>>> print(open('my_file07.cif').read())   # mmCIF, C-alpha atoms
data_target
loop_
_atom_site.label_atom_id
_atom_site.label_comp_id
_atom_site.auth_asym_id
_atom_site.auth_seq_id
_atom_site.Cartn_x
_atom_site.Cartn_y
_atom_site.Cartn_z
CA MET A 1 -73.12 -6.24 -20.22
CA LYS A 2 -71.14 -4.57 -17.47
CA LYS A 3 -68.57 -3.35 -20.00
CA LEU A 4 -71.36 -1.51 -21.77
CA ILE A 5 -72.84 -0.09 -18.61
CA THR A 6 -69.54 1.26 -17.28
CA LEU A 7 -69.21 3.43 -20.35
CA LEU A 8 -71.57 5.78 -18.55
CA SER A 9 -68.87 6.80 -16.11
CA ALA A 10 -66.71 7.93 -19.01
CA LEU A 11 -69.67 9.87 -20.39
CA PHE A 12 -70.16 11.85 -17.18
CA VAL A 13 -66.48 12.57 -16.64
CA LEU A 14 -66.12 13.87 -20.17
CA PHE A 15 -69.38 15.79 -20.20
CA ILE A 16 -69.02 17.47 -16.83
CA SER A 17 -65.36 18.34 -17.32
CA THR A 18 -66.32 20.39 -20.36
CA ASN A 19 -69.52 21.79 -18.82
CA ALA A 20 -68.51 22.66 -15.28
CA GLU A 21 -71.50 24.93 -14.73
CA ALA A 22 -74.06 22.27 -15.66
CA GLN A 23 -75.76 21.24 -12.43
CA LEU A 24 -79.35 20.45 -13.35
CA PHE A 25 -79.81 17.29 -15.38
CA THR A 26 -83.17 16.40 -16.90
CA LYS A 27 -84.41 12.83 -16.85
CA TYR A 28 -85.86 11.35 -20.03
CA THR A 29 -87.08 8.03 -21.43
CA ALA A 30 -84.88 5.84 -23.62
CA LYS A 31 -86.72 6.69 -26.84
CA ALA A 32 -86.86 10.42 -26.16
CA GLU A 33 -83.28 11.05 -27.32
CA LEU A 34 -82.83 8.09 -29.67
CA THR A 35 -83.13 10.44 -32.65
CA THR A 36 -80.45 12.65 -31.08
CA ALA A 37 -78.06 9.69 -30.87
CA ILE A 38 -78.81 8.56 -34.43
CA ASN A 39 -78.41 12.05 -35.88
CA PHE A 40 -75.18 12.47 -33.94
CA SER A 41 -73.84 9.24 -35.45
CA LYS A 42 -74.58 10.66 -38.89
CA SER A 43 -72.92 14.00 -38.28
CA ASN A 44 -70.04 12.91 -36.04
CA SER A 45 -69.24 9.44 -37.40
CA GLN A 46 -70.62 9.90 -40.93
CA PHE A 47 -72.87 6.87 -40.58
CA LEU A 48 -75.02 6.34 -43.66
CA SER A 49 -77.49 3.74 -42.32
CA PRO A 50 -77.45 3.86 -38.51
CA VAL A 51 -79.39 1.29 -36.47
CA VAL A 52 -79.64 0.90 -32.70
CA MET A 53 -77.89 -2.15 -31.27
CA ALA A 54 -78.49 -1.54 -27.56
CA ILE A 55 -79.55 1.09 -25.05
CA ALA A 56 -78.45 1.11 -21.40
CA THR A 57 -78.23 3.04 -18.17
CA MET A 58 -77.07 2.29 -14.64
CA LYS A 59 -77.72 3.36 -11.06
CA ASP A 60 -74.61 4.95 -9.67
CA GLU A 61 -73.52 8.29 -8.35
CA PHE A 62 -70.71 10.32 -9.89
CA VAL A 63 -69.14 13.39 -8.33
CA VAL A 64 -66.96 15.23 -10.80
CA SER A 65 -65.72 18.79 -10.28
CA GLY A 66 -68.04 19.09 -7.34
CA ILE A 67 -71.11 18.16 -9.40
CA THR A 68 -73.21 15.14 -8.45
CA VAL A 69 -74.92 13.16 -11.18
CA LYS A 70 -77.37 10.37 -10.37
CA PRO A 71 -78.32 8.30 -13.41
CA GLY A 72 -80.28 5.08 -13.28
CA MET A 73 -83.80 4.39 -14.49
CA SER A 74 -86.68 5.30 -12.19
CA MET A 75 -89.31 2.62 -11.68
CA THR A 76 -91.85 5.43 -11.36
CA ASN A 77 -91.57 6.87 -14.86
CA GLY A 78 -88.89 4.92 -16.74
CA LYS A 79 -86.62 7.95 -17.02
CA SER A 80 -82.88 8.40 -16.45
CA GLU A 81 -80.51 11.35 -16.43
CA ALA A 82 -78.45 9.62 -19.10
CA TRP A 83 -78.68 6.77 -21.58
CA VAL A 84 -75.97 5.13 -23.64
CA TYR A 85 -76.83 4.19 -27.24
CA VAL A 86 -74.85 1.65 -29.24
CA ILE A 87 -75.30 2.58 -32.90
CA GLU A 88 -74.07 0.61 -35.91
CA ASP A 89 -73.78 1.71 -39.52
CA GLU A 90 -75.31 -1.08 -41.59
CA ALA A 91 -73.40 0.20 -44.61
CA THR A 92 -69.96 -0.29 -43.04
CA ASN A 93 -70.60 -2.34 -39.83
CA GLU A 94 -68.79 0.35 -37.88
CA ARG A 95 -70.07 1.10 -34.37
CA ALA A 96 -70.26 4.11 -32.11
CA VAL A 97 -71.21 4.25 -28.44
CA ILE A 98 -73.03 7.52 -27.88
CA GLY A 99 -73.94 8.96 -24.51
CA VAL A 100 -76.67 11.58 -24.22
CA VAL A 101 -77.46 13.86 -21.29
CA LYS A 102 -79.82 16.81 -20.96
CA SER A 103 -79.17 19.78 -18.72
CA ILE A 104 -80.00 23.46 -18.36
CA LEU A 105 -77.50 23.98 -21.18
CA GLY A 106 -79.45 21.72 -23.53
CA THR A 107 -78.95 18.22 -24.91
CA GLN A 108 -75.40 16.95 -25.19
CA ALA A 109 -74.34 13.90 -27.22
CA LEU A 110 -70.84 12.46 -27.01
CA ASP A 111 -69.03 9.62 -28.74
CA ILE A 112 -67.51 7.60 -25.89
CA SER A 113 -66.54 4.57 -27.98
CA ASP A 114 -62.87 4.75 -27.02
CA GLN A 115 -63.16 5.98 -23.46
CA GLY A 116 -61.17 3.92 -20.96
CA GLY A 117 -60.41 1.19 -23.47
CA ILE A 118 -63.86 -0.30 -22.94
CA SER A 119 -65.45 -2.21 -25.81
CA VAL A 120 -69.02 -3.24 -26.59
CA PRO A 121 -69.77 -6.74 -25.23
CA SER A 122 -69.61 -9.52 -27.79
CA PHE A 123 -73.21 -10.63 -27.16
CA ILE A 124 -74.48 -7.44 -28.83
CA THR A 125 -74.50 -8.71 -32.40
CA LYS A 126 -77.90 -7.80 -33.81
CA PRO A 127 -79.87 -4.52 -34.12
CA VAL A 128 -82.99 -3.97 -32.06
CA THR A 129 -85.86 -4.15 -34.54
CA GLY A 130 -89.63 -3.87 -34.36
CA ALA A 131 -91.82 -1.38 -32.53
CA TRP A 132 -90.16 -1.79 -29.14
CA ILE A 133 -91.82 -0.27 -26.11
CA ASP A 134 -90.24 2.76 -24.46
CA SER A 135 -88.81 2.59 -20.95
CA ASP A 136 -91.86 4.29 -19.38
CA LYS A 137 -94.19 1.60 -20.71
CA MET A 138 -91.71 -1.10 -19.77
CA VAL A 139 -91.71 -0.14 -16.08
CA ASP A 140 -95.51 -0.44 -16.07
CA PHE A 141 -95.22 -4.08 -17.16
CA VAL A 142 -92.48 -4.80 -14.62
CA SER A 143 -94.47 -3.15 -11.82
CA ALA A 144 -97.45 -5.39 -12.61
CA ASN A 145 -95.38 -8.58 -12.28
CA VAL A 146 -96.26 -10.53 -9.11
CA SER A 147 -92.67 -11.63 -8.44
CA TYR A 148 -91.53 -8.01 -8.72
CA GLN A 149 -94.29 -6.89 -6.37
CA ASN A 150 -93.15 -9.44 -3.78
CA TYR A 151 -89.54 -8.36 -4.21
CA ILE A 152 -90.34 -4.68 -3.83
CA LYS A 153 -92.37 -5.32 -0.68
CA ALA A 154 -89.22 -6.72 0.90
CA ASN A 155 -87.03 -4.04 -0.73
CA PRO A 156 -89.24 -0.94 -0.93
CA THR A 157 -86.49 1.44 -2.08
CA ALA A 158 -85.04 -0.84 -4.76
CA GLU A 159 -84.33 0.63 -8.19
CA PRO A 160 -82.63 -1.14 -11.11
CA THR A 161 -78.85 -1.21 -10.79
CA THR A 162 -78.57 -1.74 -14.54
CA THR A 163 -81.08 -1.46 -17.37
CA ILE A 164 -80.42 -2.60 -20.91
CA LEU A 165 -82.38 -3.08 -24.12
CA ALA A 166 -80.76 -5.55 -26.52
CA ILE A 167 -81.39 -8.60 -28.66
CA ASN A 168 -81.12 -11.78 -26.59
CA THR A 169 -78.26 -13.85 -27.97
CA PHE A 170 -76.90 -15.13 -24.64
CA ASN A 171 -79.70 -16.53 -22.46
CA SER A 172 -81.30 -19.65 -23.91
CA LEU A 173 -84.06 -19.56 -21.28
CA TYR A 174 -85.69 -16.82 -23.31
CA THR A 175 -86.43 -16.40 -27.02
CA MET A 176 -83.14 -16.11 -28.86
CA ASN A 177 -82.50 -13.32 -31.38
CA TYR A 178 -85.36 -11.35 -29.87
CA PRO A 179 -85.44 -7.95 -28.10
CA TYR A 180 -85.72 -7.76 -24.32
CA TRP A 181 -85.49 -5.11 -21.67
CA ILE A 182 -83.37 -6.51 -18.81
CA ASN A 183 -83.39 -4.94 -15.35
CA ASN A 184 -81.08 -6.10 -12.56
CA PHE A 185 -81.71 -5.23 -8.92
CA GLY A 186 -79.53 -5.48 -5.80
CA GLU A 187 -75.81 -5.11 -5.17
CA ASN A 188 -75.10 -8.58 -6.53
CA ASP A 189 -77.82 -8.52 -9.22
CA GLU A 190 -79.87 -10.73 -6.92
CA PHE A 191 -83.13 -10.07 -8.77
CA VAL A 192 -83.66 -9.77 -12.53
CA CYS A 193 -86.61 -8.97 -14.77
CA TYR A 194 -86.78 -9.84 -18.46
CA THR A 195 -89.41 -7.86 -20.37
CA ASP A 196 -90.40 -8.72 -23.93
CA ALA A 197 -89.60 -5.43 -25.67
CA LEU A 198 -92.44 -5.88 -28.19
CA THR A 199 -95.30 -7.21 -26.07
CA GLY A 200 -94.31 -6.22 -22.53
CA GLU A 201 -94.63 -9.75 -21.14
CA THR A 202 -92.38 -9.83 -18.08
CA ASP A 203 -90.67 -12.58 -16.10
CA CYS A 204 -88.90 -11.73 -12.83
CA GLN A 205 -86.79 -14.12 -10.77
CA THR A 206 -84.57 -14.10 -7.70
CA VAL A 207 -81.09 -15.09 -8.79
CA SER A 208 -79.71 -15.95 -5.37
CA SER A 209 -80.26 -14.91 -1.78
CA VAL A 210 -76.66 -15.78 -0.90
CA LYS A 211 -74.55 -12.96 0.52
CA GLN A 212 -70.80 -12.82 0.39
CA VAL A 213 -69.77 -12.88 4.03
CA GLU A 214 -66.07 -13.63 3.87
CA SER A 215 -63.34 -13.68 1.28
CA ILE A 216 -62.08 -17.25 1.15
CA SER A 217 -59.40 -16.67 -1.52
CA ASN A 218 -60.69 -19.14 -4.09
CA SER A 219 -60.61 -18.22 -7.77
CA PHE A 220 -61.08 -19.49 -11.31
CA ALA A 221 -60.12 -18.67 -14.91
CA PRO A 222 -60.80 -17.91 -17.70
CA ASN A 223 -63.76 -15.58 -17.53
CA PRO A 224 -65.60 -15.43 -19.91
CA ALA A 225 -65.29 -19.17 -20.52
CA ASN A 226 -66.52 -21.50 -23.26
CA ASN A 227 -65.21 -25.03 -22.62
CA TYR A 228 -63.52 -25.34 -19.24
CA ILE A 229 -62.73 -23.27 -16.18
CA ASN A 230 -59.64 -23.93 -14.08
CA LEU A 231 -60.03 -23.69 -10.31
CA ASN A 232 -57.58 -22.40 -7.73
CA LEU A 233 -59.06 -23.66 -4.46
CA ASP A 234 -57.78 -22.53 -1.08
CA ASN A 235 -57.03 -26.06 0.16
CA ARG A 236 -53.77 -24.95 1.71
CA ASN A 237 -55.66 -23.10 4.44
CA GLY A 238 -58.49 -25.61 4.50
CA LYS A 239 -60.96 -22.95 3.37
CA PHE A 240 -62.99 -25.08 1.00
CA ASP A 241 -65.88 -27.45 1.67
CA SER A 242 -67.83 -27.37 -1.59
CA ILE A 243 -68.43 -25.48 -4.80
CA LYS A 244 -71.67 -24.73 -6.64
CA ILE A 245 -72.50 -23.04 -9.91
CA VAL A 246 -76.00 -21.59 -10.20
CA ASP A 247 -77.75 -20.07 -13.20
CA ILE A 248 -79.56 -16.76 -13.41
CA PHE A 249 -82.63 -18.26 -11.71
CA GLY A 250 -80.70 -19.80 -8.83
CA ASN A 251 -80.83 -23.34 -10.21
CA THR A 252 -77.77 -25.42 -9.33
CA VAL A 253 -76.09 -26.59 -12.56
CA TYR A 254 -72.91 -27.95 -10.94
CA GLU A 255 -71.96 -29.05 -7.43
CA SER A 256 -68.92 -30.79 -5.95
CA SER A 257 -67.26 -31.38 -2.58
CA ASN A 258 -64.08 -32.83 -4.09
CA ARG A 259 -61.14 -30.87 -2.67
CA ASN A 260 -58.99 -32.07 -5.57
CA THR A 261 -61.23 -30.56 -8.23
CA ASN A 262 -59.13 -28.31 -10.45
CA GLN A 263 -61.19 -28.10 -13.61
CA ILE A 264 -64.89 -27.92 -14.51
CA ASP A 265 -66.33 -28.77 -17.91
CA VAL A 266 -68.80 -26.04 -18.91
CA THR A 267 -69.17 -27.16 -22.53
CA ASN A 268 -72.85 -27.97 -22.07
CA PHE A 269 -73.67 -24.75 -20.22
CA ALA A 270 -75.85 -22.31 -22.15
CA ASN A 271 -74.45 -18.88 -22.89
CA GLY A 272 -75.19 -16.40 -20.13
CA ALA A 273 -74.34 -15.31 -16.60
CA TYR A 274 -73.78 -17.70 -13.68
CA THR A 275 -72.68 -17.42 -10.05
CA ILE A 276 -69.92 -19.58 -8.59
CA MET A 277 -70.29 -20.16 -4.85
CA TYR A 278 -67.43 -21.47 -2.70
CA GLU A 279 -68.66 -22.71 0.67
CA TYR A 280 -66.64 -23.08 3.86
CA LYS A 281 -68.13 -23.66 7.33
CA ASN A 282 -71.41 -21.93 6.37
CA LYS A 283 -69.51 -19.02 4.87
CA ILE A 284 -69.82 -18.29 1.19
CA GLU A 285 -67.68 -16.52 -1.38
CA THR A 286 -69.32 -15.70 -4.71
CA GLU A 287 -67.95 -14.84 -8.13
CA LYS A 288 -69.67 -14.10 -11.42
CA LEU A 289 -69.02 -16.42 -14.37
CA LEU A 290 -69.91 -15.57 -17.96
CA ILE A 291 -70.25 -18.29 -20.59
CA GLN A 292 -69.64 -17.12 -24.15
CA LYS A 293 -69.31 -19.54 -27.08
#
>>> encode(input="my_file07.cif", output="structure tokens")
Amino acid sequence: MKKLITLLSALFVLFISTNAEAQLFTKYTAKAELTTAINFSKSNSQFLSPVVMAIATMKDEFVVSGITVKPGMSMTNGKSEAWVYVIEDEATNERAVIGVVKSILGTQALDISDQGGISVPSFITKPVTGAWIDSDKMVDFVSANVSYQNYIKANPTAEPTTTILAINTFNSLYTMNYPYWINNFGENDEFVCYTDALTGETDCQTVSSVKQVESISNSFAPNPANNYINLNLDNRNGKFDSIKIVDIFGNTVYESSNRNTNQIDVTNFANGAYTIMYEYKNKIETEKLLIQK
């Protein structure tokens, strides 16, 4: 997912560098410029039967040529200054990643498929079908969720760090091969909301309240993983007491205090995102682990 989201930075660099006078960007909902992206795929990439595979935006700030751009979806109206659309041609299976921004100069669509050598994540394998709800309606459902309301009371200025609409093919805790809006909150994606893109039913959960307080120099590979991960624990400096792996809801799926552990079997782990936590004298180092099979 992060590979897809970071394509936005390439979009802004390319757009602003060719439109140095553009300083006022207009926010819009995800559906508002979907037709623009599809039509651009037809004219620019000669797609015959374009379908949307995913839509995404992120909260970050870019300053290019003295111009500040602040994308990221607002929880007030479901709008962002830019959205990225992954479009596939059903006739050829070719894909294009199209970024769209609106400014005082008008709407600008760009093919950023090859920017920075970034590719579309492998979990995006199916087109988003059905009458999916737009981002403005989606934020209404998220805002009504009790868990979200409790989270926002403790974090009143929180906005989604990443927002993505895609078919779920990676998290078995939700309906597979089904469209969801996914919103992550917090610097370490500590809170996540899954919204059924057809009905609006929303489930929000705290992933983990653990903060990284010290780098303890532990590591693992490969990432993404499918069968095993190999550990490189900092036993030489005695900076290891235990290791945990938690799922997206904070449930512990693996735990060990064996200092000689050098490999973990993840064969039975469901596809999706996890957090590895190395603990040492009440200090914790965290790393993200992605399981892809």
>>> residues_near_point(input="my_file07.cif", point="(-83.0, -3.4, -20.8)", cutoff="7 Å", atoms="all atoms listed in the file", output="list in words")
Ala56, Thr163, Ile164, Leu165, Ala166, Tyr180, Trp181, Ile182 and Asn183 of chain A
>>> axis_aligned_box(input="my_file07.cif", around="range 28-38 of chain A", padding_each_side="6 Å", output="AutoDock Vina command-line options")
--center_x -82.6 --center_y 9.2 --center_z -27.2 --size_x 21.0 --size_y 18.8 --size_z 26.4
>>> atom_distance(input="my_file07.cif", atom1="CA of Ala131 in chain A", atom2="CA of Ile55 in chain A")
14.6 Å
>>> resolve_selection(input="my_file07.cif", expression="the PyMOL selection byres ((chain A and resi 70-86) around 8)", output="NGL selection string")
:A and (5 or 7-8 or 25-30 or 34 or 37 or 52-62 or 68-69 or 87-88 or 95-102 or 135-139 or 143 or 159-163)
>>> closest_residue(input="my_file07.cif", among="A:Thr252, A:Ser45, A:Gln263, A:Gln149", to="Ala221 in chain A", atoms="only C-alpha atoms")
A:Gln263
>>> residues_around(input="my_file07.cif", residues="Tyr278 in chain A", least_positions_apart="4", cutoff="8 Å", atoms="all atoms listed in the file", output="NGL selection string")
:A and (216 or 218 or 240-244 or 284-286)
>>> resolve_selection(input="my_file07.cif", expression="the PyMOL selection byres ((chain A and resi 255) around 12)", output="number ranges by chain")
A: 241-246, 251-254, 256-259, 261, 264-265, 275-279
>>> atom_distance(input="my_file07.cif", atom1="CA of Thr206 in chain A", atom2="CA of Ser147 in chain A")
8.5 Å
>>> residues_around(input="my_file07.cif", residues="Leu290 in chain A", least_positions_apart="2", cutoff="12 Å", atoms="only C-alpha atoms", output="number ranges by chain")
A: 1-2, 121-123, 170-171, 220-229, 245-248, 266, 269-276, 287-288, 292-293
>>> closest_residue(input="my_file07.cif", among="A:Val192, A:Val128, A:Ile133, A:Leu198", to="Tyr151 in chain A", atoms="only C-alpha atoms")
A:Val192
>>> atom_distance(input="my_file07.cif", atom1="CA of Leu110 in chain A", atom2="CA of Ser41 in chain A")
9.5 Å
>>> resolve_selection(input="my_file07.cif", expression="the PyMOL selection byres ((chain A and resi 90-93) around 7)", output="list of chain:residue names")
A:Leu48, A:Ser49, A:Pro50, A:Val51, A:Glu88, A:Asp89, A:Glu94, A:Arg95
>>> residues_around(input="my_file07.cif", residues="Asn145 in chain A", least_positions_apart="6", cutoff="10 Å", atoms="all atoms listed in the file", output="list in words")
Val139, Tyr151, Cys193, Glu201, Thr202, Asp203 and Cys204 of chain A
